[in-house]
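Everything below concerns the one structure shown next.
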Amino acid sequence: MRLRVNPIACTGHGMCAELLPELITLDPWGYPLLASEMVPQALAGHARRAADACPTLALLADDSFVAGPGVRHGRRHAG
Amino acid sequence: MSIDLHGPGLWYATRATGLVSMLLLTGSVLFGLLVAGRFSSARWPRFLTQGMHRSISLMVLAFLALHIGTTVLDSYTSISLAAAFVPFASSYKAGWLSLGAVALDLIIALVVTSLLRGRLGYRAWRRLHWLAYACWPVAIAHGLGIGTDRSVTWVIAVTLACLGGVGAVAAWRVLSFGAQ
């Protein structure tokens, strides 16, 4: 799974950092900073929950991206 | 166990679930306002506000199902299931009952569009969600107009507390929005 933030849609509610502190911290203005776009399998559920909680749907948890042999597919998906 | 369709039991249940629905719907509006106004504190994270908003909103549906079910089953008044959804489908206190039908339709629309928020997109969902500000007063008016206990002192006090609470938090939300 891969995480992305749509910087246009994000308004800095900050719920993602509350729900996924392992990967997301907030900058001084309250906008998310991702430690890593790749989500370890163990955190996938939390990442999905954080994406679902985003009030402006700005956090995207992309399930079609699979690390490992599927990396090439993921790159193509990212355009 | 069978349900007595003629005794006062269903009527009591209708009144009780109506009151609880009012409290829950008010809670849903309050937490929704707090999400929109970005309330948070050291002891109250934002995801909790949103979780309360979502959970309470679903509880509203559950209590409205009971409220409507007991009303329709009660044989004392002939209110059809359709009247719960369609305004003026019943002649019993048609105006006040219709307000309840309108509020119910709006609540269902709000919940369904929220569950499909990811498919709708943020802008469309946000615009539709403004209907909540129309839904809540209509629901309160329904209770004030048709509620059996509308002239009982503590029910009036609870209703006024709901109005005051939403008024205060709405004012805070407008002011906090202006400050950003």
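Labels used: A, B, ... for chains in the order of the structure tokens, numbers from 1 for residues in each chain, and numbers from 1 for ligands as shown.
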Could you please select, counting only C-alpha atoms, the residues of chain A within 9 Å of chain B and state them as a count of residues only?
13
Selection: 10 Å around range 42-46 of chain A, only C-alpha atoms, excl. self and same-chain fewer than 3 positions, as a JSON list (two decimals) with C-alpha atoms, in the first residue's frame:
[["chain", "number", "residue", "atom", "x", "y", "z"],
["A", 1, "MET", "CA", 0.00, 0.00, 0.00],
["A", 2, "ARG", "CA", 1.14, 3.50, -0.78],
["A", 3, "LEU", "CA", 0.08, 6.76, 0.89],
["A", 16, "CYS", "CA", -4.11, 11.62, 9.85],
["A", 19, "LEU", "CA", -4.38, 8.10, 13.57],
["A", 20, "LEU", "CA", -1.09, 7.16, 11.87],
["A", 21, "PRO", "CA", 1.69, 8.77, 13.92],
["A", 22, "GLU", "CA", 4.08, 5.99, 12.78],
["A", 23, "LEU", "CA", 4.20, 7.50, 9.29],
["A", 38, "MET", "CA", 5.21, 2.96, 1.50],
["A", 39, "VAL", "CA", 2.99, 1.51, 4.19],
["A", 49, "ARG", "CA", -8.55, 4.28, 8.70],
["A", 50, "ALA", "CA", -6.54, 7.51, 8.52],
["A", 51, "ALA", "CA", -7.47, 7.94, 4.84],
["A", 52, "ASP", "CA", -11.12, 7.29, 5.64],
["A", 61, "ALA", "CA", -4.30, 4.97, 0.61],
["A", 63, "ASP", "CA", -4.15, -0.48, -2.34]]
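A straight line drawn from CA of Trp96 in chain B to CA of Ile140 in chain B is 10.4 Å long.
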Please identify all polymer residues within 7 Å of Leu5 in chain B, counting only C-alpha atoms, omitting same-chain residues fewer than 3 positions from it, and present them as a list in words.
Leu10, Leu73, Asp74 and Ser75 of chain B
Near-Trp29 in chain A list (12 Å; only C-alpha atoms; drop same-chain fewer than 4 positions) as a PyMOL selection string:
(chain A and resi 10-14+25+33) or (chain B and resi 180)
Which value, in Å to one decimal, gives the distance between CA of Ser21 in chain B and CA of Phe63 in chain B?
5.8 Å
I need the residues of range 15-180 of chain B that end up classed as alpha helix (DSSP H) by DSSP on the backbone, written out as a compact mmCIF listing (two decimals) with N, CA and C atoms, in the first residue's frame.
# COMPACT_ATOMS: atom_id res chain seq x y z
N ARG B 15 -42.84 7.88 22.05
CA ARG B 15 -42.45 9.13 22.71
C ARG B 15 -41.01 9.06 23.20
N ALA B 16 -40.66 7.92 23.81
CA ALA B 16 -39.30 7.78 24.35
C ALA B 16 -38.25 7.82 23.25
N THR B 17 -38.49 7.05 22.18
CA THR B 17 -37.49 7.00 21.11
C THR B 17 -37.44 8.32 20.36
N GLY B 18 -38.58 9.03 20.32
CA GLY B 18 -38.57 10.36 19.69
C GLY B 18 -37.68 11.31 20.46
N LEU B 19 -37.81 11.29 21.78
CA LEU B 19 -36.99 12.17 22.61
C LEU B 19 -35.50 11.82 22.50
N VAL B 20 -35.21 10.50 22.55
CA VAL B 20 -33.81 10.09 22.44
C VAL B 20 -33.26 10.46 21.07
N SER B 21 -34.09 10.31 20.04
CA SER B 21 -33.65 10.70 18.69
C SER B 21 -33.31 12.18 18.63
N MET B 22 -34.11 13.00 19.31
CA MET B 22 -33.83 14.44 19.33
C MET B 22 -32.47 14.70 19.98
N LEU B 23 -32.23 14.03 21.12
CA LEU B 23 -30.96 14.21 21.81
C LEU B 23 -29.79 13.74 20.95
N LEU B 24 -29.94 12.58 20.32
CA LEU B 24 -28.86 12.03 19.50
C LEU B 24 -28.61 12.90 18.28
N LEU B 25 -29.70 13.35 17.63
CA LEU B 25 -29.53 14.19 16.44
C LEU B 25 -28.84 15.50 16.82
N THR B 26 -29.21 16.03 17.98
CA THR B 26 -28.55 17.24 18.45
C THR B 26 -27.06 16.96 18.72
N GLY B 27 -26.78 15.80 19.33
CA GLY B 27 -25.38 15.43 19.56
C GLY B 27 -24.62 15.31 18.26
N SER B 28 -25.25 14.71 17.26
CA SER B 28 -24.62 14.57 15.95
C SER B 28 -24.29 15.94 15.36
N VAL B 29 -25.24 16.88 15.46
CA VAL B 29 -25.02 18.23 14.93
C VAL B 29 -23.89 18.92 15.71
N LEU B 30 -23.90 18.76 17.04
CA LEU B 30 -22.87 19.40 17.86
C LEU B 30 -21.48 18.89 17.48
N PHE B 31 -21.33 17.55 17.40
CA PHE B 31 -20.02 17.01 17.06
C PHE B 31 -19.64 17.35 15.62
N GLY B 32 -20.63 17.42 14.73
CA GLY B 32 -20.35 17.82 13.36
C GLY B 32 -19.81 19.24 13.30
N LEU B 33 -20.43 20.13 14.08
CA LEU B 33 -19.96 21.51 14.15
C LEU B 33 -18.53 21.57 14.70
N LEU B 34 -18.27 20.72 15.71
CA LEU B 34 -16.93 20.72 16.32
C LEU B 34 -15.87 20.20 15.34
N VAL B 35 -16.26 19.21 14.49
CA VAL B 35 -15.32 18.75 13.46
C VAL B 35 -15.03 19.89 12.49
N ALA B 36 -16.10 20.52 12.01
CA ALA B 36 -15.94 21.58 11.01
C ALA B 36 -15.14 22.76 11.59
N ARG B 46 -8.85 15.16 17.62
CA ARG B 46 -9.87 15.47 16.61
C ARG B 46 -10.57 14.24 16.08
N PHE B 47 -9.82 13.12 15.96
CA PHE B 47 -10.47 11.93 15.39
C PHE B 47 -11.59 11.43 16.29
N LEU B 48 -11.49 11.76 17.59
CA LEU B 48 -12.53 11.37 18.53
C LEU B 48 -13.82 12.16 18.25
N THR B 49 -13.67 13.46 17.98
CA THR B 49 -14.83 14.28 17.64
C THR B 49 -15.52 13.71 16.42
N GLN B 50 -14.72 13.37 15.41
CA GLN B 50 -15.30 12.84 14.18
C GLN B 50 -15.92 11.46 14.40
N GLY B 51 -15.25 10.63 15.21
CA GLY B 51 -15.78 9.31 15.51
C GLY B 51 -17.12 9.41 16.23
N MET B 52 -17.23 10.36 17.17
CA MET B 52 -18.50 10.57 17.87
C MET B 52 -19.57 11.01 16.89
N HIS B 53 -19.20 11.94 15.99
CA HIS B 53 -20.16 12.43 14.99
C HIS B 53 -20.71 11.28 14.15
N ARG B 54 -19.81 10.42 13.69
CA ARG B 54 -20.22 9.32 12.82
C ARG B 54 -21.05 8.28 13.59
N SER B 55 -20.57 7.91 14.78
CA SER B 55 -21.27 6.87 15.54
C SER B 55 -22.65 7.34 15.98
N ILE B 56 -22.72 8.57 16.48
CA ILE B 56 -24.01 9.09 16.95
C ILE B 56 -24.98 9.21 15.78
N SER B 57 -24.48 9.59 14.62
CA SER B 57 -25.36 9.72 13.45
C SER B 57 -25.99 8.38 13.09
N LEU B 58 -25.21 7.30 13.20
CA LEU B 58 -25.76 5.98 12.91
C LEU B 58 -26.75 5.55 14.00
N MET B 59 -26.47 5.97 15.26
CA MET B 59 -27.41 5.67 16.34
C MET B 59 -28.74 6.39 16.12
N VAL B 60 -28.67 7.59 15.53
CA VAL B 60 -29.90 8.32 15.21
C VAL B 60 -30.78 7.45 14.31
N LEU B 61 -30.17 6.84 13.30
CA LEU B 61 -30.94 5.99 12.38
C LEU B 61 -31.59 4.82 13.13
N ALA B 62 -30.84 4.22 14.05
CA ALA B 62 -31.38 3.08 14.80
C ALA B 62 -32.59 3.51 15.63
N PHE B 63 -32.46 4.65 16.32
CA PHE B 63 -33.57 5.09 17.16
C PHE B 63 -34.75 5.58 16.32
N LEU B 64 -34.47 6.16 15.16
CA LEU B 64 -35.57 6.57 14.29
C LEU B 64 -36.32 5.36 13.74
N ALA B 65 -35.58 4.27 13.51
CA ALA B 65 -36.24 3.04 13.05
C ALA B 65 -37.24 2.57 14.11
N LEU B 66 -36.83 2.64 15.40
CA LEU B 66 -37.73 2.26 16.48
C LEU B 66 -38.88 3.25 16.60
N HIS B 67 -38.54 4.55 16.50
CA HIS B 67 -39.54 5.62 16.61
C HIS B 67 -40.63 5.44 15.55
N ILE B 68 -40.21 5.16 14.33
CA ILE B 68 -41.15 5.01 13.22
C ILE B 68 -41.87 3.67 13.31
N GLY B 69 -41.13 2.63 13.64
CA GLY B 69 -41.73 1.30 13.73
C GLY B 69 -42.85 1.27 14.76
N THR B 70 -42.61 1.83 15.94
CA THR B 70 -43.63 1.81 16.98
C THR B 70 -44.82 2.70 16.60
N THR B 71 -44.55 3.80 15.89
CA THR B 71 -45.63 4.68 15.46
C THR B 71 -46.54 3.98 14.46
N VAL B 72 -45.91 3.31 13.49
CA VAL B 72 -46.69 2.65 12.44
C VAL B 72 -47.48 1.47 13.00
N LEU B 73 -46.86 0.71 13.93
CA LEU B 73 -47.52 -0.46 14.49
C LEU B 73 -48.69 -0.08 15.40
N LEU B 81 -46.53 3.39 6.97
CA LEU B 81 -45.08 3.46 6.84
C LEU B 81 -44.69 4.53 5.81
N ALA B 82 -45.52 4.65 4.77
CA ALA B 82 -45.23 5.64 3.72
C ALA B 82 -45.20 7.05 4.30
N ALA B 83 -46.07 7.30 5.31
CA ALA B 83 -46.15 8.64 5.88
C ALA B 83 -44.87 9.04 6.60
N ALA B 84 -44.06 8.03 6.97
CA ALA B 84 -42.79 8.34 7.61
C ALA B 84 -41.80 8.95 6.62
N PHE B 85 -42.02 8.66 5.33
CA PHE B 85 -41.09 9.13 4.31
C PHE B 85 -41.69 10.21 3.40
N ALA B 94 -51.14 16.40 9.84
CA ALA B 94 -50.36 16.24 8.62
C ALA B 94 -49.14 17.17 8.56
N GLY B 95 -49.30 18.41 8.96
CA GLY B 95 -48.19 19.36 8.87
C GLY B 95 -47.01 18.96 9.73
N TRP B 96 -47.29 18.67 11.01
CA TRP B 96 -46.20 18.33 11.93
C TRP B 96 -45.59 16.98 11.60
N LEU B 97 -46.44 16.02 11.19
CA LEU B 97 -45.94 14.70 10.81
C LEU B 97 -45.05 14.82 9.56
N SER B 98 -45.44 15.70 8.64
CA SER B 98 -44.67 15.88 7.41
C SER B 98 -43.29 16.43 7.70
N LEU B 99 -43.20 17.29 8.74
CA LEU B 99 -41.87 17.80 9.11
C LEU B 99 -40.96 16.63 9.51
N GLY B 100 -41.53 15.66 10.23
CA GLY B 100 -40.76 14.48 10.60
C GLY B 100 -40.33 13.69 9.37
N ALA B 101 -41.24 13.56 8.40
CA ALA B 101 -40.90 12.84 7.17
C ALA B 101 -39.78 13.53 6.42
N VAL B 102 -39.87 14.87 6.35
CA VAL B 102 -38.82 15.63 5.65
C VAL B 102 -37.48 15.46 6.37
N ALA B 103 -37.51 15.56 7.70
CA ALA B 103 -36.27 15.40 8.48
C ALA B 103 -35.69 14.01 8.26
N LEU B 104 -36.55 12.98 8.26
CA LEU B 104 -36.07 11.62 8.05
C LEU B 104 -35.43 11.47 6.67
N ASP B 105 -36.11 12.00 5.64
CA ASP B 105 -35.54 11.91 4.29
C ASP B 105 -34.18 12.59 4.22
N LEU B 106 -34.07 13.75 4.88
CA LEU B 106 -32.80 14.47 4.87
C LEU B 106 -31.72 13.67 5.61
N ILE B 107 -32.10 13.07 6.75
CA ILE B 107 -31.13 12.29 7.53
C ILE B 107 -30.62 11.11 6.70
N ILE B 108 -31.55 10.42 6.02
CA ILE B 108 -31.14 9.28 5.19
C ILE B 108 -30.21 9.76 4.08
N ALA B 109 -30.55 10.89 3.46
CA ALA B 109 -29.70 11.43 2.40
C ALA B 109 -28.32 11.77 2.95
N LEU B 110 -28.27 12.36 4.14
CA LEU B 110 -27.00 12.75 4.75
C LEU B 110 -26.14 11.53 5.06
N VAL B 111 -26.77 10.49 5.60
CA VAL B 111 -26.01 9.30 5.97
C VAL B 111 -25.51 8.57 4.72
N VAL B 112 -26.41 8.39 3.74
CA VAL B 112 -26.02 7.64 2.53
C VAL B 112 -24.90 8.37 1.78
N THR B 113 -25.04 9.69 1.63
CA THR B 113 -24.00 10.42 0.91
C THR B 113 -22.69 10.40 1.69
N SER B 114 -22.77 10.34 3.02
CA SER B 114 -21.54 10.29 3.81
C SER B 114 -20.87 8.93 3.69
N LEU B 115 -21.67 7.88 3.65
CA LEU B 115 -21.09 6.54 3.49
C LEU B 115 -20.45 6.39 2.10
N ARG B 117 -19.04 8.90 0.52
CA ARG B 117 -18.26 10.13 0.37
C ARG B 117 -17.08 9.95 -0.60
N GLY B 118 -16.43 8.79 -0.48
CA GLY B 118 -15.27 8.54 -1.33
C GLY B 118 -15.62 8.52 -2.81
N ARG B 119 -16.83 8.05 -3.13
CA ARG B 119 -17.24 7.99 -4.53
C ARG B 119 -17.78 9.32 -5.02
N LEU B 120 -18.41 10.08 -4.10
CA LEU B 120 -19.00 11.36 -4.48
C LEU B 120 -17.94 12.42 -4.76
N TYR B 122 -15.16 15.13 -2.51
CA TYR B 122 -15.30 15.99 -1.35
C TYR B 122 -16.26 17.15 -1.58
N ARG B 123 -16.13 17.83 -2.73
CA ARG B 123 -16.94 19.03 -2.95
C ARG B 123 -18.43 18.74 -2.96
N ALA B 124 -18.82 17.70 -3.71
CA ALA B 124 -20.25 17.34 -3.79
C ALA B 124 -20.76 16.93 -2.42
N TRP B 125 -19.97 16.13 -1.70
CA TRP B 125 -20.39 15.68 -0.38
C TRP B 125 -20.55 16.87 0.57
N ARG B 126 -19.59 17.78 0.52
CA ARG B 126 -19.63 18.92 1.44
C ARG B 126 -20.87 19.77 1.20
N ARG B 127 -21.20 19.99 -0.07
CA ARG B 127 -22.39 20.80 -0.40
C ARG B 127 -23.64 20.10 0.12
N LEU B 128 -23.73 18.79 -0.14
CA LEU B 128 -24.90 18.05 0.32
C LEU B 128 -24.99 18.05 1.84
N HIS B 129 -23.84 18.05 2.50
CA HIS B 129 -23.85 17.95 3.95
C HIS B 129 -24.37 19.24 4.61
N ALA B 132 -27.65 19.33 6.56
CA ALA B 132 -27.78 19.04 7.99
C ALA B 132 -28.33 20.26 8.74
N TYR B 133 -27.95 21.43 8.28
CA TYR B 133 -28.41 22.65 8.95
C TYR B 133 -29.90 22.90 8.69
N ALA B 134 -30.44 22.28 7.65
CA ALA B 134 -31.88 22.37 7.41
C ALA B 134 -32.60 21.25 8.14
N CYS B 135 -31.95 20.10 8.20
CA CYS B 135 -32.57 18.90 8.78
C CYS B 135 -32.86 19.07 10.27
N TRP B 136 -31.88 19.54 11.02
CA TRP B 136 -32.01 19.58 12.48
C TRP B 136 -33.18 20.47 12.94
N PRO B 137 -33.30 21.72 12.45
CA PRO B 137 -34.43 22.55 12.89
C PRO B 137 -35.78 21.94 12.51
N VAL B 138 -35.84 21.29 11.35
CA VAL B 138 -37.10 20.66 10.93
C VAL B 138 -37.46 19.54 11.91
N ALA B 139 -36.46 18.75 12.31
CA ALA B 139 -36.71 17.67 13.26
C ALA B 139 -37.16 18.21 14.61
N ILE B 140 -36.53 19.29 15.08
CA ILE B 140 -36.90 19.90 16.35
C ILE B 140 -38.34 20.42 16.27
N ALA B 141 -38.67 21.06 15.15
CA ALA B 141 -40.03 21.59 14.97
C ALA B 141 -41.05 20.46 15.00
N HIS B 142 -40.71 19.32 14.38
CA HIS B 142 -41.58 18.14 14.39
C HIS B 142 -41.89 17.73 15.83
N GLY B 143 -40.85 17.69 16.67
CA GLY B 143 -41.05 17.29 18.06
C GLY B 143 -41.89 18.30 18.83
N LEU B 144 -41.60 19.59 18.58
CA LEU B 144 -42.33 20.65 19.29
C LEU B 144 -43.79 20.67 18.88
N GLY B 145 -44.06 20.31 17.64
CA GLY B 145 -45.41 20.40 17.14
C GLY B 145 -46.28 19.19 17.43
N ILE B 146 -45.69 17.99 17.34
CA ILE B 146 -46.50 16.77 17.42
C ILE B 146 -46.21 15.95 18.66
N THR B 153 -42.71 20.15 31.37
CA THR B 153 -41.64 21.12 31.68
C THR B 153 -40.25 20.60 31.34
N TRP B 154 -39.94 19.37 31.79
CA TRP B 154 -38.56 18.92 31.56
C TRP B 154 -38.27 18.64 30.09
N VAL B 155 -39.32 18.30 29.33
CA VAL B 155 -39.11 18.10 27.88
C VAL B 155 -38.82 19.44 27.21
N ILE B 156 -39.55 20.48 27.66
CA ILE B 156 -39.29 21.82 27.13
C ILE B 156 -37.87 22.23 27.49
N ALA B 157 -37.46 21.93 28.75
CA ALA B 157 -36.11 22.28 29.19
C ALA B 157 -35.06 21.57 28.34
N VAL B 158 -35.27 20.28 28.07
CA VAL B 158 -34.32 19.52 27.26
C VAL B 158 -34.25 20.09 25.84
N THR B 159 -35.43 20.42 25.30
CA THR B 159 -35.46 20.98 23.94
C THR B 159 -34.74 22.32 23.89
N LEU B 160 -34.99 23.15 24.90
CA LEU B 160 -34.29 24.44 24.95
C LEU B 160 -32.78 24.25 25.09
N ALA B 161 -32.38 23.24 25.89
CA ALA B 161 -30.96 22.96 26.04
C ALA B 161 -30.34 22.55 24.70
N CYS B 162 -31.09 21.75 23.92
CA CYS B 162 -30.62 21.36 22.58
C CYS B 162 -30.45 22.60 21.69
N LEU B 163 -31.47 23.47 21.71
CA LEU B 163 -31.41 24.69 20.90
C LEU B 163 -30.24 25.56 21.33
N GLY B 164 -30.10 25.73 22.65
CA GLY B 164 -29.03 26.56 23.17
C GLY B 164 -27.66 25.98 22.85
N GLY B 165 -27.53 24.66 23.00
CA GLY B 165 -26.25 24.01 22.73
C GLY B 165 -25.82 24.18 21.29
N VAL B 166 -26.75 23.90 20.37
CA VAL B 166 -26.41 24.04 18.94
C VAL B 166 -26.16 25.51 18.61
N GLY B 167 -26.96 26.42 19.19
CA GLY B 167 -26.74 27.84 18.95
C GLY B 167 -25.36 28.29 19.39
N ALA B 168 -24.97 27.84 20.59
CA ALA B 168 -23.67 28.25 21.13
C ALA B 168 -22.52 27.68 20.31
N VAL B 169 -22.60 26.38 19.98
CA VAL B 169 -21.50 25.76 19.24
C VAL B 169 -21.47 26.28 17.80
N ALA B 170 -22.64 26.57 17.23
CA ALA B 170 -22.67 27.16 15.88
C ALA B 170 -22.00 28.53 15.90
N ALA B 171 -22.27 29.31 16.94
CA ALA B 171 -21.63 30.63 17.05
C ALA B 171 -20.12 30.48 17.19
N TRP B 172 -19.69 29.51 18.03
CA TRP B 172 -18.25 29.26 18.18
C TRP B 172 -17.63 28.87 16.83
N ARG B 173 -18.36 28.01 16.09
CA ARG B 173 -17.84 27.53 14.81
C ARG B 173 -17.67 28.70 13.82
N VAL B 174 -18.67 29.60 13.78
CA VAL B 174 -18.58 30.75 12.88
C VAL B 174 -17.42 31.66 13.30
N LEU B 175 -17.28 31.89 14.60
CA LEU B 175 -16.22 32.76 15.09
C LEU B 175 -14.84 32.12 14.86
N SER B 176 -14.73 30.80 15.11
CA SER B 176 -13.44 30.15 14.94
C SER B 176 -13.04 30.11 13.47
N PHE B 177 -14.06 30.02 12.62
CA PHE B 177 -13.78 30.03 11.19
C PHE B 177 -13.27 31.41 10.77
N GLY B 178 -13.88 32.44 11.35
CA GLY B 178 -13.45 33.79 11.02
C GLY B 178 -12.03 34.08 11.47
N ALA B 179 -11.61 33.40 12.58
CA ALA B 179 -10.30 33.69 13.14
C ALA B 179 -9.18 33.05 12.35
